[in-house]
Each structure stands twice: as C-alpha cells, then as structure tokens.
Amino acid sequence: MAKSEKKHHVYTLLVEVGRKDGDDLPDGASGAAMVCYSSGVDEAEAVRECVALMKQAGLAPLDVTGYGSLEERLAEGHDIPDEERTLMQRALDENSIVVAQSTTLFEEKDGGKA
C-alpha cells in the first residue's frame, strides 16, 4: 500500500539576495528582493526548496521572510488579487517556485556635498 501523500500548500516568501559573481544583477546593485510563491508540505520545506533553487540559479540568498500559505493569508484578511492567485496556483500545480516580483537594490552612497 502506498503512503498517503501530504497536501502541498503555496507559501509567499520574500527572499533577499546579495551579490555573487555571475548573478546577472546590474552593475552597482547591492542585491535584490524577490517575492516568490513556493510549494511545500510546510513553510520550512517551501523555504528550503526556494533557497536551493536560488543557489542553483547563481544567486546568493541572505534572508527569507515567510508570509504564510494562501489559506493563512486569507484568514489574516489579506486581499489577494486574481493575478497573484494564478501565480500561486501555478506553483502548486507544478510543485515549483514562481518568482512573482524582483526588485534590484542599490545602496545609498554617503558622499553628498556639504
């Protein structure tokens, strides 16, 4: 008899990445922040899978903030637009990670004139 498969959920994660040779971030960037939807049986698995994928892609993940599963976010009263739900469903259907948004970060230089 086969083991019953645990139900996967999709978790919303904010992944901050630093610089690494060959990361394809623009010159002068200090890193990036990426909103990801990651499938997993729990949030810890979703985070591990997302970090592993980022490393495979040549990125340097520094920090991950979890915002919960779709069900948890809805219970907290989050307004989740259809476009976001579609990306979450894709991550669930493909048992994958979807990068929904990426923002390049630049450090402010402290060198202004007096």
# chains A, B, ... in the order shown; residues from 1 in each chain; ligands from 1

call {"tool": "select_by_dssp", "arguments": {"residues": "chain A", "states": "strand (DSSP E)", "output": "VMD selection string"}}
result
chain A and resid 9 to 18 31 to 40 60 to 69 97 to 105

call {"tool": "write_last_selection", "arguments": {"atoms": "N, CA, C and O atoms", "output": "short mmCIF file (atom, residue, chain, number, x, y, z; two decimals), in the first residue's frame"}}
result
data_model
loop_
_atom_site.label_atom_id
_atom_site.label_comp_id
_atom_site.auth_asym_id
_atom_site.auth_seq_id
_atom_site.Cartn_x
_atom_site.Cartn_y
_atom_site.Cartn_z
N HIS A 9 0.98 23.09 0.05
CA HIS A 9 0.40 24.43 0.09
C HIS A 9 1.38 25.36 -0.61
O HIS A 9 2.54 25.01 -0.81
N VAL A 10 0.93 26.54 -0.93
CA VAL A 10 1.82 27.54 -1.54
C VAL A 10 2.06 28.63 -0.51
O VAL A 10 1.11 29.16 0.08
N TYR A 11 3.33 28.94 -0.30
CA TYR A 11 3.73 29.93 0.69
C TYR A 11 4.31 31.16 -0.02
O TYR A 11 5.02 31.03 -1.01
N THR A 12 3.98 32.32 0.51
CA THR A 12 4.51 33.57 0.00
C THR A 12 5.79 33.88 0.77
O THR A 12 5.78 33.93 2.00
N LEU A 13 6.88 34.06 0.03
CA LEU A 13 8.19 34.30 0.63
C LEU A 13 8.81 35.56 0.04
O LEU A 13 8.67 35.83 -1.15
N LEU A 14 9.49 36.32 0.88
CA LEU A 14 10.30 37.44 0.42
C LEU A 14 11.75 37.01 0.61
O LEU A 14 12.19 36.76 1.74
N VAL A 15 12.48 36.89 -0.50
CA VAL A 15 13.87 36.42 -0.45
C VAL A 15 14.78 37.60 -0.80
O VAL A 15 14.62 38.23 -1.84
N GLU A 16 15.71 37.89 0.12
CA GLU A 16 16.71 38.93 -0.13
C GLU A 16 17.99 38.23 -0.56
O GLU A 16 18.42 37.28 0.09
N VAL A 17 18.55 38.68 -1.68
CA VAL A 17 19.79 38.09 -2.18
C VAL A 17 20.88 39.14 -2.23
O VAL A 17 20.62 40.33 -2.44
N GLY A 18 22.11 38.69 -2.00
CA GLY A 18 23.27 39.56 -2.10
C GLY A 18 23.95 39.35 -3.44
O GLY A 18 23.43 38.69 -4.33
N GLY A 31 22.15 43.98 -4.38
CA GLY A 31 21.39 42.74 -4.26
C GLY A 31 20.02 42.91 -4.85
O GLY A 31 19.79 43.79 -5.68
N ALA A 32 19.10 42.06 -4.39
CA ALA A 32 17.73 42.13 -4.89
C ALA A 32 16.79 41.57 -3.84
O ALA A 32 17.20 40.82 -2.95
N ALA A 33 15.53 41.94 -3.96
CA ALA A 33 14.46 41.39 -3.12
C ALA A 33 13.46 40.75 -4.08
O ALA A 33 13.06 41.37 -5.07
N MET A 34 13.09 39.51 -3.79
CA MET A 34 12.20 38.77 -4.69
C MET A 34 11.02 38.20 -3.93
O MET A 34 11.19 37.55 -2.90
N VAL A 35 9.83 38.47 -4.44
CA VAL A 35 8.62 37.86 -3.90
C VAL A 35 8.43 36.55 -4.65
O VAL A 35 8.36 36.55 -5.89
N CYS A 36 8.37 35.46 -3.90
CA CYS A 36 8.26 34.13 -4.51
C CYS A 36 7.06 33.39 -3.93
O CYS A 36 6.70 33.58 -2.77
N TYR A 37 6.48 32.53 -4.76
CA TYR A 37 5.46 31.60 -4.30
C TYR A 37 6.08 30.23 -4.41
O TYR A 37 6.51 29.82 -5.49
N SER A 38 6.17 29.54 -3.28
CA SER A 38 6.87 28.27 -3.22
C SER A 38 5.96 27.19 -2.66
O SER A 38 5.32 27.38 -1.62
N SER A 39 5.93 26.06 -3.33
CA SER A 39 5.09 24.93 -2.91
C SER A 39 5.85 24.06 -1.91
O SER A 39 7.05 23.83 -2.05
N GLY A 40 5.11 23.56 -0.91
CA GLY A 40 5.71 22.65 0.06
C GLY A 40 4.66 22.09 1.00
O GLY A 40 3.56 22.63 1.10
N ALA A 60 22.73 34.53 -4.39
CA ALA A 60 23.22 34.35 -3.02
C ALA A 60 22.14 34.75 -2.02
O ALA A 60 22.11 35.90 -1.57
N PRO A 61 21.22 33.83 -1.68
CA PRO A 61 20.16 34.18 -0.73
C PRO A 61 20.74 34.51 0.65
O PRO A 61 21.59 33.78 1.16
N LEU A 62 20.29 35.63 1.21
CA LEU A 62 20.77 36.08 2.52
C LEU A 62 19.71 35.91 3.60
O LEU A 62 20.02 35.56 4.73
N ASP A 63 18.46 36.17 3.25
CA ASP A 63 17.39 36.14 4.24
C ASP A 63 16.08 35.80 3.55
O ASP A 63 15.84 36.22 2.41
N VAL A 64 15.23 35.04 4.25
CA VAL A 64 13.91 34.69 3.73
C VAL A 64 12.89 35.03 4.81
O VAL A 64 13.03 34.62 5.96
N THR A 65 11.86 35.78 4.42
CA THR A 65 10.76 36.10 5.32
C THR A 65 9.52 35.40 4.77
O THR A 65 9.18 35.59 3.60
N GLY A 66 8.87 34.60 5.61
CA GLY A 66 7.66 33.90 5.20
C GLY A 66 6.42 34.67 5.60
O GLY A 66 6.35 35.22 6.70
N TYR A 67 5.44 34.71 4.69
CA TYR A 67 4.18 35.39 4.97
C TYR A 67 3.01 34.43 5.06
O TYR A 67 1.87 34.86 5.13
N GLY A 68 3.31 33.12 5.08
CA GLY A 68 2.27 32.12 5.25
C GLY A 68 1.72 31.57 3.96
O GLY A 68 2.08 32.00 2.86
N SER A 69 0.84 30.60 4.12
CA SER A 69 0.19 29.96 2.98
C SER A 69 -0.97 30.84 2.50
O SER A 69 -1.37 31.79 3.19
N ILE A 97 8.62 26.79 -7.75
CA ILE A 97 8.75 28.14 -7.20
C ILE A 97 8.51 29.12 -8.33
O ILE A 97 9.06 28.99 -9.41
N VAL A 98 7.68 30.11 -8.08
CA VAL A 98 7.41 31.16 -9.05
C VAL A 98 7.91 32.47 -8.46
O VAL A 98 7.52 32.84 -7.35
N VAL A 99 8.79 33.16 -9.19
CA VAL A 99 9.24 34.49 -8.77
C VAL A 99 8.23 35.47 -9.35
O VAL A 99 8.16 35.66 -10.56
N ALA A 100 7.46 36.09 -8.47
CA ALA A 100 6.39 36.98 -8.90
C ALA A 100 6.87 38.40 -9.11
O ALA A 100 6.33 39.13 -9.94
N GLN A 101 7.89 38.81 -8.34
CA GLN A 101 8.39 40.18 -8.44
C GLN A 101 9.84 40.19 -8.01
O GLN A 101 10.23 39.50 -7.07
N SER A 102 10.64 40.98 -8.70
CA SER A 102 12.04 41.13 -8.34
C SER A 102 12.39 42.61 -8.37
O SER A 102 12.11 43.30 -9.36
N THR A 103 12.96 43.10 -7.28
CA THR A 103 13.36 44.49 -7.19
C THR A 103 14.86 44.55 -6.92
O THR A 103 15.34 43.98 -5.94
N THR A 104 15.59 45.20 -7.81
CA THR A 104 17.03 45.36 -7.63
C THR A 104 17.28 46.40 -6.56
O THR A 104 16.62 47.45 -6.53
N LEU A 105 18.24 46.11 -5.68
CA LEU A 105 18.55 47.02 -4.58
C LEU A 105 19.89 47.70 -4.82
O LEU A 105 20.84 47.07 -5.29
#

call {"tool": "closest_residue", "arguments": {"among": "A:Leu59, A:Gly28, A:Leu70, A:Val47", "to": "Thr86 of chain A", "atoms": "only C-alpha atoms"}}
result
A:Leu70

call {"tool": "atom_distance", "arguments": {"atom1": "atom CA of Arg85 of chain A", "atom2": "atom CA of Asp42 of chain A"}}
result
18.4 Å

call {"tool": "atom_distance", "arguments": {"atom1": "atom CA of Ala91 of chain A", "atom2": "atom CA of Gly22 of chain A"}}
result
26.2 Å

call {"tool": "closest_residue", "arguments": {"among": "A:Ala75, A:Ser96, A:Phe106, A:Ala57", "to": "Lys20 of chain A", "atoms": "only C-alpha atoms"}}
result
A:Ala57

call {"tool": "atom_distance", "arguments": {"atom1": "atom CA of Val41 of chain A", "atom2": "atom CA of Leu92 of chain A"}}
result
10.6 Å

call {"tool": "closest_residue", "arguments": {"among": "A:Glu108, A:Glu76, A:Asp82, A:Asp93", "to": "Lys7 of chain A", "atoms": "only C-alpha atoms"}}
result
A:Asp93

call {"tool": "select_by_dssp", "arguments": {"residues": "segment 22-99 of chain A", "states": "alpha helix (DSSP H)", "output": "short mmCIF file (atom, residue, chain, number, x, y, z; two decimals) with all heavy atoms, in the first residue's frame"}}
result
data_model
loop_
_atom_site.label_atom_id
_atom_site.label_comp_id
_atom_site.auth_asym_id
_atom_site.auth_seq_id
_atom_site.Cartn_x
_atom_site.Cartn_y
_atom_site.Cartn_z
N GLU A 43 5.90 25.35 5.56
CA GLU A 43 6.67 26.53 5.17
C GLU A 43 8.17 26.26 5.18
O GLU A 43 8.90 26.78 4.32
CB GLU A 43 6.33 27.72 6.07
CG GLU A 43 6.88 29.03 5.55
CD GLU A 43 6.32 30.23 6.27
OE1 GLU A 43 6.62 30.40 7.46
OE2 GLU A 43 5.56 30.99 5.63
N ALA A 44 8.63 25.45 6.11
CA ALA A 44 10.07 25.14 6.17
C ALA A 44 10.53 24.46 4.88
O ALA A 44 11.59 24.80 4.33
CB ALA A 44 10.37 24.25 7.37
N GLU A 45 9.74 23.52 4.36
CA GLU A 45 10.11 22.87 3.10
C GLU A 45 10.08 23.86 1.95
O GLU A 45 10.97 23.87 1.10
CB GLU A 45 9.18 21.70 2.79
CG GLU A 45 9.55 21.02 1.48
CD GLU A 45 8.58 19.95 1.04
OE1 GLU A 45 7.37 20.26 0.90
OE2 GLU A 45 9.04 18.83 0.82
N ALA A 46 9.07 24.73 1.93
CA ALA A 46 8.97 25.74 0.86
C ALA A 46 10.19 26.66 0.87
O ALA A 46 10.73 26.99 -0.18
CB ALA A 46 7.68 26.54 1.03
N VAL A 47 10.65 27.04 2.06
CA VAL A 47 11.83 27.90 2.18
C VAL A 47 13.07 27.15 1.69
O VAL A 47 13.86 27.69 0.91
CB VAL A 47 12.02 28.39 3.64
CG1 VAL A 47 13.39 29.03 3.83
CG2 VAL A 47 10.91 29.37 4.01
N ARG A 48 13.26 25.90 2.14
CA ARG A 48 14.43 25.11 1.71
C ARG A 48 14.48 24.96 0.20
O ARG A 48 15.53 25.14 -0.42
CB ARG A 48 14.41 23.72 2.36
CG ARG A 48 14.82 23.68 3.80
CD ARG A 48 15.03 22.26 4.29
NE ARG A 48 13.88 21.38 4.11
CZ ARG A 48 12.89 21.25 4.97
NH1 ARG A 48 12.87 21.95 6.09
NH2 ARG A 48 11.90 20.42 4.72
N GLU A 49 13.35 24.65 -0.41
CA GLU A 49 13.29 24.48 -1.87
C GLU A 49 13.60 25.79 -2.59
O GLU A 49 14.30 25.81 -3.58
CB GLU A 49 11.92 23.95 -2.29
CG GLU A 49 11.61 22.54 -1.81
CD GLU A 49 12.51 21.49 -2.44
OE1 GLU A 49 12.90 21.64 -3.61
OE2 GLU A 49 12.82 20.51 -1.75
N CYS A 50 13.07 26.88 -2.08
CA CYS A 50 13.28 28.18 -2.71
C CYS A 50 14.76 28.59 -2.62
O CYS A 50 15.35 29.03 -3.61
CB CYS A 50 12.39 29.23 -2.06
SG CYS A 50 12.35 30.80 -2.93
N VAL A 51 15.36 28.41 -1.45
CA VAL A 51 16.78 28.76 -1.27
C VAL A 51 17.65 27.89 -2.18
O VAL A 51 18.57 28.39 -2.83
CB VAL A 51 17.19 28.62 0.21
CG1 VAL A 51 18.70 28.66 0.37
CG2 VAL A 51 16.54 29.73 1.03
N ALA A 52 17.35 26.60 -2.26
CA ALA A 52 18.12 25.70 -3.13
C ALA A 52 18.03 26.14 -4.59
O ALA A 52 19.04 26.15 -5.31
CB ALA A 52 17.64 24.26 -2.97
N LEU A 53 16.84 26.52 -5.03
CA LEU A 53 16.66 26.97 -6.41
C LEU A 53 17.43 28.26 -6.67
O LEU A 53 18.07 28.41 -7.71
CB LEU A 53 15.18 27.16 -6.74
CG LEU A 53 14.91 27.60 -8.17
CD1 LEU A 53 15.11 26.43 -9.11
CD2 LEU A 53 13.53 28.16 -8.30
N MET A 54 17.38 29.19 -5.72
CA MET A 54 18.11 30.45 -5.88
C MET A 54 19.61 30.18 -6.02
O MET A 54 20.28 30.78 -6.85
CB MET A 54 17.88 31.38 -4.68
CG MET A 54 16.48 31.86 -4.53
SD MET A 54 16.11 33.15 -5.72
CE MET A 54 14.40 33.44 -5.39
N LYS A 55 20.13 29.27 -5.20
CA LYS A 55 21.56 28.94 -5.28
C LYS A 55 21.89 28.29 -6.62
O LYS A 55 22.92 28.60 -7.22
CB LYS A 55 21.95 28.01 -4.12
CG LYS A 55 22.00 28.73 -2.79
CD LYS A 55 22.38 27.79 -1.67
CE LYS A 55 22.49 28.52 -0.35
NZ LYS A 55 22.86 27.60 0.75
N GLN A 56 21.01 27.41 -7.11
CA GLN A 56 21.23 26.78 -8.43
C GLN A 56 21.24 27.82 -9.54
O GLN A 56 21.93 27.67 -10.54
CB GLN A 56 20.13 25.75 -8.74
CG GLN A 56 20.34 24.42 -8.09
CD GLN A 56 19.27 23.43 -8.54
OE1 GLN A 56 18.14 23.80 -8.88
NE2 GLN A 56 19.62 22.17 -8.52
N LEU A 70 -1.51 30.49 1.36
CA LEU A 70 -2.67 31.23 0.84
C LEU A 70 -3.78 31.22 1.88
O LEU A 70 -4.38 32.25 2.18
CB LEU A 70 -3.15 30.60 -0.48
CG LEU A 70 -4.46 31.14 -1.05
CD1 LEU A 70 -4.33 32.62 -1.37
CD2 LEU A 70 -4.87 30.35 -2.29
N GLU A 71 -4.05 30.05 2.46
CA GLU A 71 -5.12 29.92 3.44
C GLU A 71 -4.85 30.80 4.67
O GLU A 71 -5.75 31.46 5.19
CB GLU A 71 -5.28 28.45 3.87
CG GLU A 71 -5.71 27.52 2.76
CD GLU A 71 -4.57 27.04 1.85
OE1 GLU A 71 -3.37 27.29 2.15
OE2 GLU A 71 -4.88 26.42 0.83
N GLU A 72 -3.60 30.81 5.13
CA GLU A 72 -3.24 31.64 6.29
C GLU A 72 -3.38 33.12 5.98
O GLU A 72 -3.87 33.89 6.80
CB GLU A 72 -1.81 31.32 6.74
CG GLU A 72 -1.65 29.94 7.33
CD GLU A 72 -0.21 29.49 7.47
OE1 GLU A 72 0.70 30.05 6.81
OE2 GLU A 72 0.01 28.55 8.26
N ARG A 73 -2.95 33.50 4.79
CA ARG A 73 -3.05 34.92 4.42
C ARG A 73 -4.50 35.36 4.30
O ARG A 73 -4.86 36.46 4.73
CB ARG A 73 -2.30 35.17 3.10
CG ARG A 73 -0.78 35.06 3.28
CD ARG A 73 -0.03 35.37 2.02
NE ARG A 73 -0.34 36.73 1.59
CZ ARG A 73 -0.18 37.15 0.33
NH1 ARG A 73 0.28 36.33 -0.60
NH2 ARG A 73 -0.48 38.39 -0.01
N LEU A 74 -5.35 34.49 3.74
CA LEU A 74 -6.77 34.82 3.64
C LEU A 74 -7.39 34.95 5.03
O LEU A 74 -8.19 35.86 5.28
CB LEU A 74 -7.51 33.78 2.80
CG LEU A 74 -7.20 33.79 1.31
CD1 LEU A 74 -7.82 32.58 0.62
CD2 LEU A 74 -7.67 35.09 0.66
N ALA A 75 -7.02 34.04 5.95
CA ALA A 75 -7.54 34.09 7.32
C ALA A 75 -7.13 35.37 8.03
O ALA A 75 -7.85 35.85 8.91
CB ALA A 75 -7.06 32.86 8.10
N ASP A 82 -6.51 38.33 -8.25
CA ASP A 82 -6.57 37.15 -9.12
C ASP A 82 -5.23 36.82 -9.76
O ASP A 82 -4.88 35.66 -9.90
CB ASP A 82 -7.62 37.34 -10.23
CG ASP A 82 -9.05 37.30 -9.69
OD1 ASP A 82 -9.24 36.76 -8.57
OD2 ASP A 82 -9.95 37.80 -10.37
N GLU A 83 -4.45 37.87 -10.16
CA GLU A 83 -3.16 37.62 -10.80
C GLU A 83 -2.22 36.87 -9.84
O GLU A 83 -1.50 35.97 -10.24
CB GLU A 83 -2.48 38.94 -11.22
CG GLU A 83 -3.27 39.77 -12.20
CD GLU A 83 -4.36 40.62 -11.53
OE1 GLU A 83 -4.24 41.01 -10.35
OE2 GLU A 83 -5.36 40.88 -12.22
N GLU A 84 -2.25 37.26 -8.58
CA GLU A 84 -1.42 36.61 -7.56
C GLU A 84 -1.89 35.18 -7.32
O GLU A 84 -1.09 34.25 -7.21
CB GLU A 84 -1.50 37.44 -6.26
CG GLU A 84 -0.41 37.13 -5.27
CD GLU A 84 -0.41 38.12 -4.10
OE1 GLU A 84 -0.96 39.23 -4.20
OE2 GLU A 84 0.17 37.74 -3.07
N ARG A 85 -3.19 34.98 -7.26
CA ARG A 85 -3.76 33.64 -7.06
C ARG A 85 -3.39 32.72 -8.23
O ARG A 85 -3.12 31.54 -8.02
CB ARG A 85 -5.28 33.72 -6.93
CG ARG A 85 -5.73 34.32 -5.62
CD ARG A 85 -7.26 34.47 -5.64
NE ARG A 85 -7.74 35.18 -4.51
CZ ARG A 85 -8.35 34.63 -3.46
NH1 ARG A 85 -8.53 33.33 -3.43
NH2 ARG A 85 -8.77 35.36 -2.46
N THR A 86 -3.37 33.28 -9.43
CA THR A 86 -3.00 32.49 -10.62
C THR A 86 -1.56 32.01 -10.51
O THR A 86 -1.25 30.85 -10.80
CB THR A 86 -3.20 33.33 -11.91
OG1 THR A 86 -4.59 33.67 -12.01
CG2 THR A 86 -2.77 32.56 -13.14
N LEU A 87 -0.65 32.89 -10.08
CA LEU A 87 0.76 32.50 -9.92
C LEU A 87 0.91 31.47 -8.80
O LEU A 87 1.69 30.53 -8.91
CB LEU A 87 1.61 33.73 -9.64
CG LEU A 87 1.74 34.72 -10.80
CD1 LEU A 87 2.46 35.98 -10.34
CD2 LEU A 87 2.44 34.08 -11.98
N MET A 88 0.14 31.63 -7.73
CA MET A 88 0.18 30.66 -6.63
C MET A 88 -0.30 29.29 -7.11
O MET A 88 0.29 28.27 -6.77
CB MET A 88 -0.69 31.13 -5.47
CG MET A 88 -0.15 32.31 -4.73
SD MET A 88 -1.35 32.80 -3.46
CE MET A 88 -0.36 33.94 -2.53
N GLN A 89 -1.37 29.29 -7.90
CA GLN A 89 -1.89 28.03 -8.42
C GLN A 89 -0.89 27.35 -9.33
O GLN A 89 -0.73 26.14 -9.32
CB GLN A 89 -3.22 28.25 -9.15
CG GLN A 89 -3.92 26.97 -9.53
CD GLN A 89 -4.29 26.11 -8.33
OE1 GLN A 89 -4.88 26.58 -7.38
NE2 GLN A 89 -3.93 24.82 -8.39
N ARG A 90 -0.17 28.15 -10.11
CA ARG A 90 0.87 27.61 -10.99
C ARG A 90 1.96 26.93 -10.16
O ARG A 90 2.41 25.83 -10.48
CB ARG A 90 1.45 28.71 -11.86
CG ARG A 90 2.55 28.22 -12.76
CD ARG A 90 3.06 29.34 -13.65
NE ARG A 90 4.31 28.92 -14.27
CZ ARG A 90 5.19 29.73 -14.77
NH1 ARG A 90 4.98 31.03 -14.76
NH2 ARG A 90 6.30 29.27 -15.30
N ALA A 91 2.39 27.58 -9.08
CA ALA A 91 3.41 26.99 -8.20
C ALA A 91 2.91 25.67 -7.62
O ALA A 91 3.66 24.69 -7.53
CB ALA A 91 3.79 27.96 -7.09
N LEU A 92 1.64 25.62 -7.25
CA LEU A 92 1.06 24.40 -6.69
C LEU A 92 0.95 23.31 -7.74
O LEU A 92 1.37 22.17 -7.52
CB LEU A 92 -0.31 24.71 -6.09
CG LEU A 92 -1.00 23.57 -5.36
CD1 LEU A 92 -0.17 23.13 -4.16
CD2 LEU A 92 -2.39 24.00 -4.91
N ASP A 93 0.42 23.66 -8.91
CA ASP A 93 0.24 22.68 -9.99
C ASP A 93 1.56 22.08 -10.44
O ASP A 93 1.64 20.89 -10.75
CB ASP A 93 -0.45 23.32 -11.20
CG ASP A 93 -1.91 23.68 -10.93
OD1 ASP A 93 -2.47 23.21 -9.92
OD2 ASP A 93 -2.47 24.46 -11.72
N GLU A 94 2.61 22.91 -10.49
CA GLU A 94 3.92 22.47 -10.99
C GLU A 94 4.85 22.03 -9.86
O GLU A 94 5.98 21.64 -10.13
CB GLU A 94 4.57 23.60 -11.79
CG GLU A 94 3.79 23.98 -13.02
CD GLU A 94 4.38 25.17 -13.76
OE1 GLU A 94 5.44 25.69 -13.34
OE2 GLU A 94 3.77 25.59 -14.76
#
